[in-house]
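Peer 1: Here you go, this is model.csv (CSV, C-alpha atoms).
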chain,number,residue,atom,x,y,z
A,1,MET,CA,75.9,229.0,112.3
A,2,THR,CA,77.5,232.3,111.2
A,3,PRO,CA,77.3,233.4,107.6
A,4,ASN,CA,81.1,232.8,107.2
A,5,ARG,CA,80.8,229.2,108.3
A,6,GLN,CA,77.9,228.6,106.0
A,7,LEU,CA,79.8,230.0,103.0
A,8,LEU,CA,82.9,227.9,103.9
A,9,THR,CA,80.7,224.8,104.2
A,10,ARG,CA,79.2,225.4,100.8
A,11,ARG,CA,82.6,225.9,99.2
A,12,LEU,CA,83.8,222.6,100.6
A,13,LEU,CA,80.7,220.7,99.4
A,14,ILE,CA,81.4,222.0,95.9
A,15,THR,CA,85.2,221.7,95.9
A,16,LEU,CA,85.6,218.2,97.3
A,17,PRO,CA,83.6,216.4,94.6
A,18,ILE,CA,85.5,218.3,91.9
A,19,ALA,CA,88.8,217.4,93.4
A,20,PHE,CA,87.8,213.7,93.6
A,21,LEU,CA,86.7,213.7,89.9
A,22,ILE,CA,90.0,215.3,88.9
A,23,SER,CA,92.0,212.8,90.9
A,24,ALA,CA,90.1,209.9,89.4
A,25,PHE,CA,90.5,211.2,85.9
A,26,TYR,CA,94.3,211.7,86.4
A,27,THR,CA,94.6,208.1,87.7
A,28,LEU,CA,92.8,206.7,84.7
A,29,ALA,CA,94.8,208.8,82.2
A,30,THR,CA,98.1,207.7,83.8
A,31,ARG,CA,97.2,204.0,83.6
A,32,ARG,CA,96.1,204.4,80.0
A,33,ALA,CA,99.3,206.1,79.1
A,34,ALA,CA,101.4,203.3,80.7
A,35,TYR,CA,99.3,200.7,78.9
A,36,LEU,CA,100.0,202.3,75.5
A,37,VAL,CA,103.7,202.5,76.2
A,38,SER,CA,103.9,198.9,77.1
A,39,THR,CA,102.2,197.9,73.8
A,40,THR,CA,104.0,200.2,71.5
A,41,ASP,CA,107.5,200.1,70.0
A,42,ASN,CA,109.1,201.9,67.0
A,43,GLY,CA,105.7,203.2,66.0
A,44,ILE,CA,104.1,199.7,66.1
A,45,LYS,CA,100.9,199.6,68.1
A,46,TYR,CA,99.6,196.2,68.8
A,47,ASP,CA,95.9,195.7,69.4
A,48,GLN,CA,95.3,194.4,72.8
A,49,SER,CA,91.4,194.5,72.7
A,50,SER,CA,89.7,191.3,73.6
A,51,SER,CA,86.3,190.3,75.1
A,52,GLN,CA,88.1,187.9,77.4
A,53,PRO,CA,90.7,188.5,80.1
A,54,GLN,CA,94.1,189.3,78.5
A,55,HIS,CA,95.8,186.1,79.7
A,56,SER,CA,93.0,183.7,79.1
A,57,ASN,CA,94.3,182.4,75.7
A,58,TYR,CA,97.8,182.2,77.1
A,59,ASN,CA,96.6,180.1,80.0
A,60,ASN,CA,94.8,177.8,77.6
A,61,ASN,CA,97.9,177.4,75.5
A,62,ILE,CA,99.9,176.6,78.6
A,63,GLN,CA,97.4,173.8,79.5
A,64,ASN,CA,97.3,172.4,76.0
A,65,ASN,CA,101.0,172.7,75.2
A,66,HIS,CA,102.9,173.3,78.4
A,67,LEU,CA,106.2,172.0,77.2
A,68,LYS,CA,106.3,174.3,74.1
A,69,MET,CA,105.0,177.4,75.8
A,70,GLY,CA,107.6,177.1,78.5
A,71,ASP,CA,109.7,179.1,76.0
A,72,LEU,CA,108.1,182.3,77.6
A,73,ASP,CA,110.0,181.6,80.9
A,74,GLN,CA,113.4,181.5,79.2
A,75,ASP,CA,115.8,184.4,79.3
A,76,TYR,CA,117.2,184.7,75.8
A,77,ALA,CA,118.7,188.1,76.3
A,78,LYS,CA,121.8,186.7,78.0
A,79,ASP,CA,122.5,184.6,74.9
A,80,ASP,CA,122.9,187.7,72.6
A,81,TYR,CA,120.7,186.4,69.8
A,82,ARG,CA,120.9,188.0,66.3
A,83,ALA,CA,118.5,187.8,63.4
A,84,PHE,CA,119.2,188.2,59.7
A,85,LEU,CA,117.2,188.4,56.5
A,86,PHE,CA,117.9,186.8,53.1
A,87,ALA,CA,115.9,189.4,51.2
A,88,GLN,CA,115.5,188.3,47.6
A,89,HIS,CA,113.9,190.2,44.7
A,90,PRO,CA,112.5,187.6,42.2
A,91,VAL,CA,114.2,189.4,39.3
A,92,HIS,CA,117.2,191.1,40.6
A,93,GLY,CA,118.4,188.8,43.4
A,94,LEU,CA,119.6,189.1,47.0
A,95,LEU,CA,119.8,192.5,48.6
A,96,LEU,CA,123.3,193.0,50.1
A,97,LEU,CA,124.4,196.1,52.0
A,98,TYR,CA,127.9,197.6,51.5
A,99,CYS,CA,129.8,198.6,54.6
A,100,SER,CA,133.2,200.4,54.5
A,101,ARG,CA,133.3,202.1,57.9
A,102,LYS,CA,134.1,199.1,60.2
A,103,LYS,CA,137.3,199.9,62.0
A,104,LYS,CA,138.6,196.4,62.2
A,105,LYS,CA,137.3,195.2,58.8
A,106,SER,CA,138.0,196.0,55.2
A,107,PRO,CA,135.0,197.0,53.1
A,108,HIS,CA,132.5,194.2,52.8
A,109,PHE,CA,128.9,193.2,52.2
A,110,GLN,CA,126.3,192.4,54.8
A,111,ALA,CA,122.8,190.9,54.9
A,112,PRO,CA,120.2,193.1,56.6
A,113,GLY,CA,119.8,192.3,60.3
A,114,GLY,CA,121.5,192.5,63.6
A,115,HIS,CA,121.1,192.1,67.4
A,116,VAL,CA,117.7,191.3,68.9
A,117,ASP,CA,117.1,193.8,71.8
A,118,ASN,CA,115.4,193.2,75.1
A,119,ALA,CA,112.5,195.4,73.9
A,120,ASP,CA,111.9,193.0,71.0
A,121,PHE,CA,111.5,190.1,73.5
A,122,HIS,CA,109.2,192.2,75.6
A,123,ILE,CA,106.9,193.0,72.7
A,124,ALA,CA,106.9,189.4,71.5
A,125,SER,CA,106.0,188.2,75.0
A,126,GLY,CA,103.1,190.6,75.2
A,127,ARG,CA,101.7,189.6,71.8
A,128,ILE,CA,101.9,185.9,72.7
A,129,LYS,CA,100.2,186.4,76.1
A,130,SER,CA,97.5,188.5,74.4
A,131,GLY,CA,96.6,185.5,72.2
A,132,LYS,CA,97.2,187.1,68.9
A,133,ARG,CA,95.9,184.8,66.2
A,134,ASP,CA,98.7,185.4,63.7
A,135,ILE,CA,101.3,183.8,66.0
A,136,ASN,CA,102.2,180.2,65.5
A,137,THR,CA,102.4,178.9,69.1
A,138,SER,CA,102.8,175.3,67.8
A,139,LEU,CA,106.5,176.1,67.4
A,140,SER,CA,108.8,174.8,70.1
A,141,HIS,CA,110.3,178.4,70.7
A,142,PRO,CA,107.5,180.9,69.7
A,143,LEU,CA,109.0,183.7,71.9
A,144,LEU,CA,112.4,183.4,70.3
A,145,VAL,CA,111.1,183.2,66.7
A,146,LEU,CA,108.7,186.1,67.1
A,147,ALA,CA,111.3,188.3,68.9
A,148,CYS,CA,113.8,187.6,66.2
A,149,LYS,CA,111.2,188.5,63.5
A,150,ILE,CA,110.5,191.8,65.3
A,151,GLY,CA,114.2,192.5,65.6
A,152,ALA,CA,115.0,191.6,62.0
A,153,ALA,CA,112.1,193.8,60.7
A,154,ARG,CA,113.3,196.7,62.9
A,155,GLU,CA,116.9,196.4,61.7
A,156,LEU,CA,115.7,196.2,58.1
A,157,TYR,CA,113.8,199.4,58.6
A,158,GLU,CA,116.7,201.2,60.2
A,159,GLU,CA,119.2,200.0,57.6
A,160,THR,CA,117.1,200.4,54.4
A,161,GLY,CA,113.9,202.2,55.1
A,162,ILE,CA,111.9,199.1,54.0
A,163,ASP,CA,109.2,198.9,56.6
A,164,LEU,CA,107.8,195.4,57.3
A,165,ARG,CA,107.3,195.9,61.0
A,166,ASN,CA,103.5,195.5,60.6
A,167,SER,CA,104.0,192.6,58.1
A,168,LEU,CA,105.9,190.1,60.1
A,169,ASN,CA,104.1,187.3,58.3
A,170,ARG,CA,106.3,188.0,55.3
A,171,LEU,CA,109.4,187.0,57.2
A,172,GLN,CA,109.6,183.2,56.9
A,173,PRO,CA,112.0,181.1,59.0
A,174,ILE,CA,114.4,179.6,56.4
A,175,PRO,CA,115.3,175.9,56.9
A,176,LEU,CA,119.1,175.7,56.8
A,177,ARG,CA,119.1,171.9,57.1
A,178,ASP,CA,116.7,168.9,56.7
A,179,ASP,CA,115.9,167.6,60.1
A,180,SER,CA,113.1,165.2,58.9
A,181,ASN,CA,115.1,162.3,60.3
A,182,ASN,CA,115.3,163.9,63.8
A,183,LYS,CA,111.7,164.4,64.7
A,184,GLY,CA,112.3,163.1,68.2
A,185,ASN,CA,114.7,166.0,68.8
A,186,GLU,CA,112.5,168.8,70.0
A,187,LYS,CA,115.3,171.3,70.1
A,188,ASP,CA,115.8,171.2,66.3
A,189,ASP,CA,112.3,170.4,65.0
A,190,ASP,CA,111.1,174.0,64.6
A,191,LEU,CA,114.4,175.8,64.7
A,192,THR,CA,116.1,174.7,61.5
A,193,CYS,CA,116.5,178.4,60.9
A,194,ARG,CA,118.9,178.7,63.8
A,195,PHE,CA,122.7,178.6,63.5
A,196,LYS,CA,125.2,179.7,66.2
A,197,HIS,CA,122.7,181.9,68.1
A,198,ARG,CA,121.5,183.5,64.9
A,199,LEU,CA,118.1,183.0,63.4
A,200,PHE,CA,117.6,183.4,59.6
A,201,PHE,CA,114.5,184.4,57.7
A,202,LYS,CA,113.8,184.8,54.0
A,203,ILE,CA,111.6,187.3,52.4
A,204,CYS,CA,110.5,188.0,48.8
A,205,LEU,CA,110.9,191.7,48.0
A,206,THR,CA,108.7,193.4,45.4
A,207,ASP,CA,109.0,196.7,43.6
A,208,ALA,CA,106.4,198.1,46.0
A,209,ASP,CA,108.9,197.8,48.9
A,210,PHE,CA,111.2,200.3,47.2
A,211,VAL,CA,111.0,203.9,46.0
A,212,THR,CA,110.4,203.7,42.3
A,213,GLU,CA,109.5,207.3,41.3
A,214,GLY,CA,110.9,210.8,41.5
A,215,PHE,CA,114.6,209.8,41.4
A,216,ASP,CA,115.9,213.2,40.6
A,217,SER,CA,114.0,215.0,43.4
A,218,LYS,CA,114.6,212.3,46.0
A,219,MET,CA,118.3,211.8,45.5
A,220,GLY,CA,118.8,214.8,47.8
A,221,LEU,CA,116.7,213.1,50.5
A,222,GLY,CA,119.3,210.4,51.2
A,223,LEU,CA,117.8,207.8,48.9
A,224,SER,CA,120.3,205.6,47.1
A,225,GLN,CA,120.2,203.4,43.9
A,226,SER,CA,122.0,200.1,43.8
A,227,MET,CA,125.7,199.9,42.8
A,228,ASN,CA,125.0,197.3,40.1
A,229,THR,CA,126.4,198.1,36.6
A,230,ASP,CA,122.9,198.3,35.2
A,231,PRO,CA,120.9,199.3,38.3
A,232,PRO,CA,117.2,198.8,38.4
A,233,LEU,CA,115.0,201.8,39.2
A,234,LEU,CA,114.6,200.9,42.8
A,235,MET,CA,115.8,203.1,45.7
A,236,ILE,CA,116.2,202.7,49.5
A,237,LYS,CA,117.2,205.0,52.3
A,238,LEU,CA,120.5,203.7,53.8
A,239,SER,CA,121.6,204.2,57.4
A,240,HIS,CA,124.9,205.9,58.3
A,241,GLU,CA,126.3,202.4,58.7
A,242,HIS,CA,126.2,201.5,55.0
A,243,GLN,CA,127.5,203.3,52.0
A,244,GLY,CA,125.7,201.4,49.2
A,245,PHE,CA,123.9,198.2,48.2
A,246,ILE,CA,123.7,195.7,45.4
A,247,PHE,CA,121.4,193.0,44.1
A,248,GLU,CA,123.2,189.7,43.6
A,249,PRO,CA,121.2,187.3,41.4
A,250,ASP,CA,123.6,184.3,42.0
A,251,PRO,CA,123.3,183.2,45.6
A,252,MET,CA,126.7,181.4,45.5
A,253,LYS,CA,128.4,184.6,44.7
A,254,ALA,CA,126.5,186.2,47.6
A,255,VAL,CA,128.0,183.5,49.8
A,256,ASP,CA,131.5,184.7,48.9
A,257,LEU,CA,130.6,188.4,49.3
A,258,LEU,CA,129.2,187.8,52.8
A,259,ILE,CA,132.3,185.9,54.1
A,260,GLN,CA,133.3,188.8,56.4
A,261,HIS,CA,129.9,189.4,57.9
A,262,SER,CA,129.3,188.3,61.5
A,263,GLY,CA,132.4,186.1,61.6
A,264,GLY,CA,131.4,184.3,58.4
A,265,LYS,CA,128.4,182.7,59.9
A,266,VAL,CA,125.9,184.6,57.7
A,267,SER,CA,127.8,183.3,54.7
A,268,THR,CA,127.8,179.8,56.0
A,269,ALA,CA,124.0,180.0,56.7
A,270,LEU,CA,123.3,181.2,53.2
A,271,GLY,CA,125.3,178.3,51.8
A,272,MET,CA,123.3,175.9,53.9
A,273,ALA,CA,120.1,177.5,52.7
A,274,VAL,CA,121.2,177.2,49.0
A,275,ALA,CA,122.2,173.6,49.5
A,276,ASN,CA,118.8,172.9,51.1
A,277,GLY,CA,117.0,174.4,48.0
A,278,GLN,CA,115.7,177.5,49.8
A,279,ILE,CA,117.4,180.2,47.8
A,280,LYS,CA,117.1,180.1,44.0
A,281,ASP,CA,119.5,181.5,41.4
A,282,VAL,CA,117.8,184.2,39.4
A,283,THR,CA,120.7,185.0,37.1
A,284,PRO,CA,119.2,185.9,33.6
A,285,ALA,CA,119.5,183.0,31.2
A,286,PRO,CA,121.7,184.8,28.6
A,287,THR,CA,124.3,185.5,31.3
A,288,LYS,CA,124.3,181.9,32.3
A,289,MET,CA,124.8,180.8,28.7
A,290,LYS,CA,127.7,183.2,28.2
A,291,GLU,CA,129.3,181.8,31.4
A,292,GLU,CA,128.9,178.2,30.2
A,293,GLU,CA,130.3,179.1,26.7
A,294,SER,CA,133.3,180.6,28.2
A,295,LYS,CA,134.1,177.3,29.9
A,296,ILE,CA,134.2,175.4,26.6
A,297,VAL,CA,137.7,174.7,25.4
A,298,GLY,CA,139.2,172.4,22.6
A,299,SER,CA,137.5,170.9,19.6
A,300,PRO,CA,133.8,170.0,19.6
A,301,MET,CA,132.8,166.4,20.3
A,302,PRO,CA,131.5,164.3,17.4
A,303,ASN,CA,127.9,164.4,18.8
A,304,GLU,CA,127.9,168.2,19.2
A,305,ALA,CA,126.0,170.5,16.8
A,306,LYS,CA,127.5,171.0,13.4
A,307,ASP,CA,128.6,174.4,12.2
A,308,GLU,CA,125.7,176.3,10.5
A,309,LYS,CA,127.3,176.1,7.0
A,310,ASP,CA,127.8,172.3,7.3
A,311,LYS,CA,124.2,171.5,8.1
A,312,GLY,CA,122.1,169.6,5.6
A,313,MET,CA,118.6,170.4,4.6
A,314,PHE,CA,117.1,167.8,7.0
A,315,ASP,CA,119.4,168.6,10.0
A,316,CYS,CA,116.8,170.8,11.5
A,317,PHE,CA,114.7,167.7,12.4
A,318,ASN,CA,117.5,166.1,14.4
A,319,CYS,CA,116.0,167.5,17.7
A,320,CYS,CA,112.7,165.6,17.1
So that I can check it, write out the structure of this file as structure tokens.
Peer 2:
Amino acid sequence: MTPNRQLLTRRLLITLPIAFLISAFYTLATRRAAYLVSTTDNGIKYDQSSSQPQHSNYNNNIQNNHLKMGDLDQDYAKDDYRAFLFAQHPVHGLLLLYCSRKKKKSPHFQAPGGHVDNADFHIASGRIKSGKRDINTSLSHPLLVLACKIGAARELYEETGIDLRNSLNRLQPIPLRDDSNNKGNEKDDDLTCRFKHRLFFKICLTDADFVTEGFDSKMGLGLSQSMNTDPPLLMIKLSHEHQGFIFEPDPMKAVDLLIQHSGGKVSTALGMAVANGQIKDVTPAPTKMKEEESKIVGSPMPNEAKDEKDKGMFDCFNCC
């Protein structure tokens, strides 16, 4: 063998293994990147690690509850589902967003939420198939409920900057009606939060969900304070779709304010939730007393309290 052939042979023996290793590394890196993309949305990365095959828990659920898990085979995207939040602060009331830029509507208030995207259903399906423990697969429609939670949290973040995308357990389906007498009706048992292709959830907001410090410096960053007469020191970052927000302590007043939102269906759903005892009135007591006093007309009844100057020395014991 000539020296040139020997040199060429040596080069091939060195080059071929290196090329093979590079090709294998590239293949693994490509698959890993595709895996991460399929499990990530809007900055949310869901842990897919498991000592068992990915679909083992899903298959067990199918065997144990095949009727309920059949929800995974249903195409909800064609139904154009929407998800909305009744987000209530225990002191200040319901968070309502003010919108004045709708071409076909006059200025009105909205509840946080909106359309549920195909990506939301894709992420929900992946989480259920991976056997995530925080998912309630006993529901008759786990895919629909989880996808709507993901969509509602995404919309809340886009509209207000309040980020609950990694705290979906805080979003609780709100019963709009009492179906305790219809336990045989599977369709309605676990979806009392559904109304006209819309799912509704409630959440208790805390001060920690808002920006509470550095108001002067953060006003220029697009943060907004509520439009209430005496606004609390709580700020959010509104999207371009909204021009302000308020806290409404009286849920029945909120029902009236939401009448133009989503064809009036959000207003109707809130009224149903209030009637079902799911949303409480947090109006301060002095305000309620003033409203009640303003309704009193005419002379006091005989059994009503006497005027202070007419009270006797023992009248203070009449309440005992």
Peer 1: Let me make sure I understand: among A:Glu241, A:Met272, A:Phe20, A:Tyr76, which one has the smallest atom-to-atom distance to Val255 of chain A if we use all atoms listed in the file?
Peer 2: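 Among A:Glu241, A:Met272, A:Phe20, A:Tyr76, it is A:Met272 that comes nearest to Val255 of chain A.
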Peer 1: I need the residue nearest Ser239 of chain A from this list: A:His141, A:Arg127, A:Arg101, A:His261. Use all atoms listed in the file for the distance.
Peer 2: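 Using all atoms listed in the file, the shortest distance to Ser239 of chain A belongs to A:Arg101.
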Peer 1: Can you tell me which residues surround Leu223 of chain A at a distance of at most 8 Å, considering only C-alpha atoms, apart from same-chain residues fewer than 5 positions away, and format the answer as a list in words?
Peer 2: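 Listing them by chain and then by number gives Lys218, Met235, Ile236, Lys237 and Leu238 of chain A.
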Peer 1: To one decimal place, how far is atom CA of Cys148 of chain A from atom CA of Pro251 of chain A in Å?
Peer 2: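 Spanning atom CA of Cys148 of chain A to atom CA of Pro251 of chain A is a straight-line distance of 23.1 Å.
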Peer 1: Could you tell me how far atom CA of Thr192 of chain A lies from atom CA of Asp178 of chain A, in Å and to one decimal?
Peer 2: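 One can read the atom CA of Thr192 of chain A to atom CA of Asp178 of chain A distance as 7.6 Å.
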Peer 1: In Å, rounded to a single decimal, give me how far atom CA of Met227 of chain A is from atom CA of Ser106 of chain A.
Peer 2: 17.9 Å
Peer 1: Do a neighbour search on Val282 of chain A at 9 Å with only C-alpha atoms, toss out local chain neighbours closer than 5 positions, and write the hits as a ChimeraX atom specification.
Peer 2: /A:89-93,248-251
Peer 1: Measuring atom to atom with only C-alpha atoms, identify which of A:Arg165, A:Arg170, A:Lys149, A:Arg82 is nearest to Cys204 of chain A.
Peer 2: A:Arg170
Peer 1: So, with only C-alpha atoms as the atoms that count, which of A:Leu97, A:Ala124, A:Ile14, A:Ala87 lies closest to Ile203 of chain A?
Peer 2: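 Ranking A:Leu97, A:Ala124, A:Ile14, A:Ala87 by distance to Ile203 of chain A, first place goes to A:Ala87.
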Peer 1: Please complete segment 229-240 of chain A so it has all heavy atoms, and hand it over as a CSV table (one decimal), in the frame of the given file.
Peer 2:
chain,number,residue,atom,x,y,z
A,229,THR,N,126.0,197.4,37.9
A,229,THR,CA,126.4,198.1,36.6
A,229,THR,C,125.2,198.6,35.9
A,229,THR,O,125.3,199.8,35.3
A,229,THR,CB,127.2,197.1,35.7
A,229,THR,OG1,128.3,196.5,36.4
A,229,THR,CG2,127.7,197.7,34.4
A,230,ASP,N,124.2,197.9,35.8
A,230,ASP,CA,122.9,198.3,35.2
A,230,ASP,C,121.8,198.3,36.3
A,230,ASP,O,121.0,197.4,36.3
A,230,ASP,CB,122.5,197.4,34.0
A,230,ASP,CG,121.3,197.9,33.3
A,230,ASP,OD1,121.0,199.1,33.4
A,230,ASP,OD2,120.7,197.2,32.5
A,231,PRO,N,121.8,199.3,37.2
A,231,PRO,CA,120.9,199.3,38.3
A,231,PRO,C,119.5,199.4,38.0
A,231,PRO,O,119.1,200.2,37.1
A,231,PRO,CB,121.4,200.5,39.1
A,231,PRO,CG,121.9,201.4,38.1
A,231,PRO,CD,122.6,200.6,37.1
A,232,PRO,N,118.6,198.6,38.6
A,232,PRO,CA,117.2,198.8,38.4
A,232,PRO,C,116.7,200.1,39.1
A,232,PRO,O,117.4,200.7,39.9
A,232,PRO,CB,116.6,197.5,39.2
A,232,PRO,CG,117.6,197.2,40.2
A,232,PRO,CD,118.9,197.6,39.6
A,233,LEU,N,115.5,200.5,38.7
A,233,LEU,CA,115.0,201.8,39.2
A,233,LEU,C,114.3,201.5,40.5
A,233,LEU,O,113.1,201.7,40.7
A,233,LEU,CB,114.0,202.3,38.1
A,233,LEU,CG,114.6,202.7,36.8
A,233,LEU,CD1,113.5,203.2,35.9
A,233,LEU,CD2,115.7,203.7,36.9
A,234,LEU,N,115.1,201.1,41.5
A,234,LEU,CA,114.6,200.9,42.8
A,234,LEU,C,115.6,201.5,43.8
A,234,LEU,O,116.8,201.4,43.7
A,234,LEU,CB,114.6,199.3,43.1
A,234,LEU,CG,113.8,198.5,42.2
A,234,LEU,CD1,114.0,197.0,42.5
A,234,LEU,CD2,112.3,198.9,42.3
A,235,MET,N,115.0,202.3,44.7
A,235,MET,CA,115.8,203.1,45.7
A,235,MET,C,115.4,202.8,47.1
A,235,MET,O,114.3,202.4,47.4
A,235,MET,CB,115.7,204.6,45.4
A,235,MET,CG,116.1,205.0,44.1
A,235,MET,SD,115.9,206.8,43.8
A,235,MET,CE,117.3,207.4,44.9
A,236,ILE,N,116.4,202.9,48.0
A,236,ILE,CA,116.2,202.7,49.5
A,236,ILE,C,116.9,203.8,50.2
A,236,ILE,O,117.8,204.5,49.7
A,236,ILE,CB,116.7,201.3,50.0
A,236,ILE,CG1,118.2,201.1,49.7
A,236,ILE,CG2,115.9,200.2,49.3
A,236,ILE,CD1,118.7,199.8,50.3
A,237,LYS,N,116.6,204.0,51.5
A,237,LYS,CA,117.2,205.0,52.3
A,237,LYS,C,118.2,204.3,53.3
A,237,LYS,O,117.8,203.6,54.2
A,237,LYS,CB,116.2,205.8,53.1
A,237,LYS,CG,116.7,206.9,53.9
A,237,LYS,CD,115.6,207.7,54.6
A,237,LYS,CE,116.2,208.9,55.4
A,237,LYS,NZ,117.0,209.8,54.6
A,238,LEU,N,119.4,204.4,53.0
A,238,LEU,CA,120.5,203.7,53.8
A,238,LEU,C,120.8,204.4,55.1
A,238,LEU,O,120.7,205.6,55.2
A,238,LEU,CB,121.8,203.6,52.9
A,238,LEU,CG,121.7,202.7,51.7
A,238,LEU,CD1,123.0,202.9,50.9
A,238,LEU,CD2,121.6,201.2,52.1
A,239,SER,N,121.1,203.6,56.1
A,239,SER,CA,121.6,204.2,57.4
A,239,SER,C,123.0,204.7,57.2
A,239,SER,O,123.7,204.5,56.2
A,239,SER,CB,121.4,203.2,58.5
A,239,SER,OG,122.4,202.2,58.3
A,240,HIS,N,123.5,205.4,58.3
A,240,HIS,CA,124.9,205.9,58.3
A,240,HIS,C,125.9,204.7,58.3
A,240,HIS,O,127.1,204.9,58.0
A,240,HIS,CB,125.1,206.8,59.5
A,240,HIS,CG,125.1,206.1,60.8
A,240,HIS,ND1,123.9,205.7,61.4
A,240,HIS,CD2,126.1,205.6,61.6
A,240,HIS,CE1,124.2,205.1,62.6
A,240,HIS,NE2,125.5,205.0,62.7
